[in-house]
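Structure first, then comments.
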Amino acid sequence: MQKIYAEAGQVILGAAPIMKPFTSFKDAMLNGSGGGWSVVESALGKVLPILCAYRVGACQEIFEMTNEYTRTREVFGRPIGRFQRVQDHCVDISIHLDGARWTTYETLWKLDSGIEARASVHQAKAVASEAYYQSCNFSHMVFAGAGTDYKHPLMAHSVLAHSLYQYLGTPLYHKRAMVDALYPRKIRRAS
(Lines give C-alpha, C1' and ligand atoms only; values in the text may rest on other atoms or scores of the structure.)
Protein backbone atom coordinates (compact mmCIF):
# COMPACT_ATOMS: atom_id res chain seq x y z
CA MET A 1 0.00 0.00 0.00
CA GLN A 2 1.36 3.40 -0.93
CA LYS A 3 0.89 6.50 1.24
CA ILE A 4 1.37 10.12 0.35
CA TYR A 5 3.58 12.16 2.67
CA ALA A 6 3.74 15.96 2.51
CA GLU A 7 7.02 17.51 3.57
CA ALA A 8 7.89 21.18 3.10
CA GLY A 9 5.47 21.59 0.22
CA GLN A 10 6.65 18.47 -1.67
CA VAL A 11 4.53 15.41 -2.22
CA ILE A 12 6.43 12.17 -1.68
CA LEU A 13 5.10 8.72 -2.44
CA GLY A 14 6.38 6.10 -0.04
CA ALA A 15 5.65 2.78 1.47
CA ALA A 16 3.67 2.65 4.70
CA PRO A 17 5.75 1.75 7.72
CA ILE A 18 5.38 -1.82 8.86
CA MET A 19 4.38 -2.15 12.50
CA LYS A 20 5.31 -5.38 14.22
CA PRO A 21 3.04 -6.53 17.03
CA PHE A 22 4.42 -5.71 20.47
CA THR A 23 5.00 -8.57 22.84
CA SER A 24 5.31 -7.43 26.40
CA PHE A 25 7.65 -8.88 28.94
CA LYS A 26 6.31 -9.71 32.37
CA ASP A 27 9.03 -7.69 34.12
CA ALA A 28 8.04 -4.57 32.16
CA MET A 29 4.39 -4.67 33.16
CA LEU A 30 3.21 -1.83 35.37
CA ASN A 31 0.41 -3.57 37.20
CA GLY A 32 1.22 -7.19 36.65
CA SER A 33 3.56 -9.75 38.08
CA GLY A 34 6.66 -7.76 37.11
CA GLY A 35 6.22 -5.14 39.82
CA GLY A 36 6.81 -2.18 37.53
CA TRP A 37 4.05 -0.23 39.24
CA SER A 38 5.92 -0.31 42.55
CA VAL A 39 8.79 1.54 40.85
CA VAL A 40 6.40 4.23 39.64
CA GLU A 41 4.82 4.55 43.11
CA SER A 42 8.27 4.84 44.69
CA ALA A 43 9.22 7.63 42.29
CA LEU A 44 5.94 9.45 42.91
CA GLY A 45 6.55 9.20 46.65
CA LYS A 46 9.65 11.34 46.16
CA VAL A 47 8.35 13.68 43.44
CA LEU A 48 4.99 14.63 44.95
CA PRO A 49 6.40 16.27 48.13
CA ILE A 50 8.67 18.45 45.97
CA LEU A 51 5.66 19.51 43.91
CA CYS A 52 3.80 20.23 47.17
CA ALA A 53 6.67 22.42 48.40
CA TYR A 54 6.47 24.38 45.14
CA ARG A 55 2.76 24.92 45.70
CA VAL A 56 3.37 26.08 49.27
CA GLY A 57 5.82 28.69 47.97
CA ALA A 58 3.29 29.81 45.38
CA CYS A 59 0.57 30.11 48.06
CA GLN A 60 2.96 32.18 50.19
CA GLU A 61 3.59 34.53 47.27
CA ILE A 62 -0.16 34.88 46.65
CA PHE A 63 -0.72 35.58 50.36
CA GLU A 64 1.97 38.29 50.45
CA MET A 65 0.78 39.85 47.18
CA THR A 66 -2.82 39.94 48.41
CA ASN A 67 -1.92 41.42 51.79
CA GLU A 68 0.19 44.13 50.18
CA TYR A 69 -2.71 45.00 47.87
CA THR A 70 -5.13 45.25 50.81
CA ARG A 71 -2.77 47.72 52.52
CA THR A 72 -2.25 49.98 49.49
CA ARG A 73 -5.61 49.95 47.67
CA GLU A 74 -7.98 52.55 49.08
CA VAL A 75 -11.76 52.77 48.70
CA PHE A 76 -13.95 55.37 50.44
CA GLY A 77 -10.82 56.98 51.87
CA ARG A 78 -9.48 53.92 53.68
CA PRO A 79 -7.53 50.75 52.76
CA ILE A 80 -9.67 47.84 51.60
CA GLY A 81 -7.98 45.66 54.21
CA ARG A 82 -10.16 47.37 56.82
CA PHE A 83 -13.31 45.80 55.36
CA GLN A 84 -14.35 42.60 57.09
CA ARG A 85 -15.15 40.59 53.96
CA VAL A 86 -11.72 41.37 52.51
CA GLN A 87 -10.17 40.24 55.79
CA ASP A 88 -12.17 37.01 55.56
CA HIS A 89 -10.64 36.27 52.16
CA CYS A 90 -7.14 36.92 53.50
CA VAL A 91 -7.81 34.60 56.45
CA ASP A 92 -9.05 31.89 54.07
CA ILE A 93 -5.83 32.18 52.06
CA SER A 94 -3.84 31.95 55.29
CA ILE A 95 -5.72 28.83 56.42
CA HIS A 96 -5.12 27.06 53.10
CA LEU A 97 -1.47 28.13 53.13
CA ASP A 98 -0.87 26.83 56.65
CA GLY A 99 -2.60 23.53 55.93
CA ALA A 100 -0.47 22.96 52.84
CA ARG A 101 2.69 24.10 54.59
CA TRP A 102 2.38 21.84 57.62
CA THR A 103 1.27 18.72 55.76
CA THR A 104 4.14 19.21 53.32
CA TYR A 105 6.64 19.79 56.15
CA GLU A 106 5.43 16.66 57.93
CA THR A 107 5.77 14.59 54.75
CA LEU A 108 9.28 15.88 54.04
CA TRP A 109 10.28 15.22 57.67
CA LYS A 110 8.98 11.65 57.48
CA LEU A 111 10.81 11.01 54.22
CA ASP A 112 14.01 12.51 55.61
CA SER A 113 13.73 10.46 58.82
CA GLY A 114 13.03 7.20 57.04
CA ILE A 115 9.52 6.91 58.52
CA GLU A 116 6.77 5.34 56.42
CA ALA A 117 5.25 8.30 54.58
CA ARG A 118 3.00 6.85 51.88
CA ALA A 119 -0.21 8.17 53.45
CA SER A 120 1.40 11.53 54.25
CA VAL A 121 2.56 11.97 50.65
CA HIS A 122 -0.99 11.53 49.39
CA GLN A 123 -2.38 13.81 52.11
CA ALA A 124 0.14 16.57 51.29
CA LYS A 125 -0.65 16.33 47.57
CA ALA A 126 -4.40 16.58 48.18
CA VAL A 127 -4.08 19.49 50.62
CA ALA A 128 -1.48 21.42 48.60
CA SER A 129 -3.42 21.09 45.33
CA GLU A 130 -6.58 22.36 46.96
CA ALA A 131 -4.70 25.13 48.79
CA TYR A 132 -3.05 26.55 45.68
CA TYR A 133 -6.29 26.46 43.72
CA GLN A 134 -8.40 28.01 46.51
CA SER A 135 -5.75 30.62 47.38
CA CYS A 136 -5.96 31.87 43.81
CA ASN A 137 -9.76 31.98 44.01
CA PHE A 138 -9.80 33.96 47.27
CA SER A 139 -7.11 36.30 46.00
CA HIS A 140 -9.18 37.00 42.89
CA MET A 141 -12.04 38.01 45.17
CA VAL A 142 -9.76 40.60 46.77
CA PHE A 143 -8.14 41.89 43.58
CA ALA A 144 -11.43 41.85 41.64
CA GLY A 145 -11.00 43.36 38.16
CA ALA A 146 -7.28 44.04 38.46
CA GLY A 147 -6.60 40.34 39.00
CA THR A 148 -8.28 39.31 35.74
CA ASP A 149 -5.73 41.07 33.55
CA TYR A 150 -3.46 38.48 31.92
CA LYS A 151 -0.46 40.72 32.61
CA HIS A 152 -1.15 40.58 36.34
CA PRO A 153 0.95 38.01 38.27
CA LEU A 154 -2.17 36.53 39.87
CA MET A 155 -3.43 35.32 36.48
CA ALA A 156 -0.23 33.35 35.93
CA HIS A 157 -0.74 31.71 39.31
CA SER A 158 -4.38 30.96 38.52
CA VAL A 159 -3.60 29.31 35.21
CA LEU A 160 -0.81 27.26 36.81
CA ALA A 161 -2.93 26.32 39.84
CA HIS A 162 -5.68 25.12 37.54
CA SER A 163 -3.19 23.05 35.51
CA LEU A 164 -1.41 21.59 38.54
CA TYR A 165 -4.68 20.80 40.35
CA GLN A 166 -5.02 17.50 38.48
CA TYR A 167 -1.35 16.95 37.70
CA LEU A 168 -0.27 13.49 38.92
CA GLY A 169 -3.71 12.86 40.40
CA THR A 170 -6.65 14.90 41.62
CA PRO A 171 -7.07 15.66 45.33
CA LEU A 172 -9.91 13.12 45.43
CA TYR A 173 -7.63 10.41 44.02
CA HIS A 174 -4.97 11.20 46.62
CA LYS A 175 -7.49 11.25 49.46
CA ARG A 176 -8.60 7.77 48.45
CA ALA A 177 -4.98 6.64 48.11
CA MET A 178 -4.28 8.02 51.59
CA VAL A 179 -7.17 6.01 53.03
CA ASP A 180 -5.94 2.90 51.19
CA ALA A 181 -2.46 3.44 52.65
CA LEU A 182 -3.82 3.84 56.16
CA TYR A 183 -6.43 1.06 55.97
CA PRO A 184 -5.42 -1.53 53.34
CA ARG A 185 -8.26 -3.59 51.97
CA LYS A 186 -8.00 -7.33 51.80
CA ILE A 187 -8.54 -8.49 48.27
CA ARG A 188 -10.66 -11.60 48.06
CA ARG A 189 -10.06 -13.75 45.07
CA ALA A 190 -12.75 -15.94 43.64
CA SER A 191 -11.84 -19.58 43.70
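The chains in the C-alpha coordinates are called A, B, ... from first to last as shown; in each chain the residues are counted from 1, and the ligands are counted from 1 in the order shown.
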
Inset, instruction - Tell me which protein, DNA and RNA residues are within 10 Å of region 169-186 of chain A, counting only C-alpha atoms, leaving out same-chain ones fewer than 3 positions away, and put them as number ranges by chain. - result: A: 48, 117-130, 164-166, 189

Take the residues just selected and output them with N, CA and C atoms as a short mmCIF file (atom, residue, chain, number, x, y, z; two decimals), in the first residue's frame.
```cif
data_model
loop_
_atom_site.label_atom_id
_atom_site.label_comp_id
_atom_site.auth_asym_id
_atom_site.auth_seq_id
_atom_site.Cartn_x
_atom_site.Cartn_y
_atom_site.Cartn_z
N LEU A 48 6.17 13.89 44.49
CA LEU A 48 4.99 14.63 44.95
C LEU A 48 5.29 15.62 46.07
N ALA A 117 5.91 7.03 54.89
CA ALA A 117 5.25 8.30 54.58
C ALA A 117 4.27 8.20 53.43
N ARG A 118 3.89 6.99 53.05
CA ARG A 118 3.00 6.85 51.88
C ARG A 118 1.69 7.60 52.06
N ALA A 119 1.06 7.46 53.20
CA ALA A 119 -0.21 8.17 53.45
C ALA A 119 0.01 9.67 53.52
N SER A 120 1.11 10.10 54.12
CA SER A 120 1.40 11.53 54.25
C SER A 120 1.66 12.18 52.90
N VAL A 121 2.31 11.44 51.99
CA VAL A 121 2.56 11.97 50.65
C VAL A 121 1.24 12.27 49.95
N HIS A 122 0.31 11.33 50.04
CA HIS A 122 -0.99 11.53 49.39
C HIS A 122 -1.78 12.65 50.07
N GLN A 123 -1.68 12.74 51.39
CA GLN A 123 -2.38 13.81 52.11
C GLN A 123 -1.81 15.17 51.71
N ALA A 124 -0.49 15.29 51.66
CA ALA A 124 0.14 16.57 51.29
C ALA A 124 -0.25 16.97 49.87
N LYS A 125 -0.28 16.02 48.96
CA LYS A 125 -0.65 16.33 47.57
C LYS A 125 -2.09 16.83 47.50
N ALA A 126 -3.00 16.16 48.21
CA ALA A 126 -4.40 16.58 48.18
C ALA A 126 -4.56 17.97 48.79
N VAL A 127 -3.93 18.21 49.92
CA VAL A 127 -4.08 19.49 50.62
C VAL A 127 -3.40 20.62 49.84
N ALA A 128 -2.20 20.37 49.32
CA ALA A 128 -1.48 21.42 48.60
C ALA A 128 -2.16 21.79 47.28
N SER A 129 -2.71 20.79 46.58
CA SER A 129 -3.42 21.09 45.33
C SER A 129 -4.63 21.97 45.59
N GLU A 130 -5.39 21.59 46.60
CA GLU A 130 -6.58 22.36 46.96
C GLU A 130 -6.20 23.75 47.46
N LEU A 164 -2.03 22.50 37.58
CA LEU A 164 -1.41 21.59 38.54
C LEU A 164 -2.42 20.90 39.45
N TYR A 165 -3.66 21.38 39.47
CA TYR A 165 -4.68 20.80 40.35
C TYR A 165 -4.83 19.31 40.09
N GLN A 166 -4.84 18.91 38.82
CA GLN A 166 -5.02 17.50 38.48
C GLN A 166 -3.73 16.81 38.10
N ARG A 189 -10.08 -13.19 46.41
CA ARG A 189 -10.06 -13.75 45.07
C ARG A 189 -11.07 -14.88 44.97
#
```

Inset, instruction - as number ranges by chain, list the residues of region 7-190 of chain A assigned to strand (DSSP E) by DSSP on the backbone atoms of this structure. - result: A: 7, 10-15, 74-75, 78-79

Those residues with N, CA and C atoms, as a short mmCIF file (atom, residue, chain, number, x, y, z; two decimals), in the first residue's frame please?
```
data_model
loop_
_atom_site.label_atom_id
_atom_site.label_comp_id
_atom_site.auth_asym_id
_atom_site.auth_seq_id
_atom_site.Cartn_x
_atom_site.Cartn_y
_atom_site.Cartn_z
N GLU A 7 5.93 16.92 2.80
CA GLU A 7 7.02 17.51 3.57
C GLU A 7 7.46 18.79 2.88
N GLN A 10 6.42 19.50 -0.65
CA GLN A 10 6.65 18.47 -1.67
C GLN A 10 5.77 17.27 -1.37
N VAL A 11 5.31 16.62 -2.39
CA VAL A 11 4.53 15.41 -2.22
C VAL A 11 5.45 14.23 -2.50
N ILE A 12 5.53 13.31 -1.55
CA ILE A 12 6.43 12.17 -1.68
C ILE A 12 5.60 10.89 -1.56
N LEU A 13 5.75 10.02 -2.52
CA LEU A 13 5.10 8.72 -2.44
C LEU A 13 6.05 7.78 -1.71
N GLY A 14 5.52 7.02 -0.77
CA GLY A 14 6.38 6.10 -0.04
C GLY A 14 5.58 4.94 0.50
N ALA A 15 6.29 3.96 0.91
CA ALA A 15 5.65 2.78 1.47
C ALA A 15 5.22 3.07 2.90
N GLU A 74 -7.04 51.81 48.23
CA GLU A 74 -7.98 52.55 49.08
C GLU A 74 -9.33 52.72 48.38
N VAL A 75 -10.39 52.55 49.15
CA VAL A 75 -11.76 52.77 48.70
C VAL A 75 -12.47 53.52 49.82
N ARG A 78 -10.21 54.80 52.76
CA ARG A 78 -9.48 53.92 53.68
C ARG A 78 -9.06 52.64 52.95
N PRO A 79 -8.01 51.97 53.43
CA PRO A 79 -7.53 50.75 52.76
C PRO A 79 -8.60 49.66 52.77
#
```

Legend entry - Two-atom distance - CA of Val56 (chain A), CA of Cys136 (chain A) (Å): 12.3 Å

Inset, instruction - Figure out the distance between CA of Asp112 (chain A) and CA of Val40 (chain A), please, to one decimal in Å. - result: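 According to the coordinates, CA of Val40 (chain A) and CA of Asp112 (chain A) are separated by 19.5 Å.
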
Inset, instruction - Would you list the contacts of Met141 (chain A) as a ChimeraX atom specification, taking every protein, DNA or RNA residue within 10 Å and counting only C-alpha atoms, but skipping same-chain residues closer than 3 positions in sequence? - result: /A:66,85-86,89-90,135-138,144-145,147

Legend entry - Distance in Å - CA of Leu154 (chain A) versus CA of Gly77 (chain A): 25.2 Å
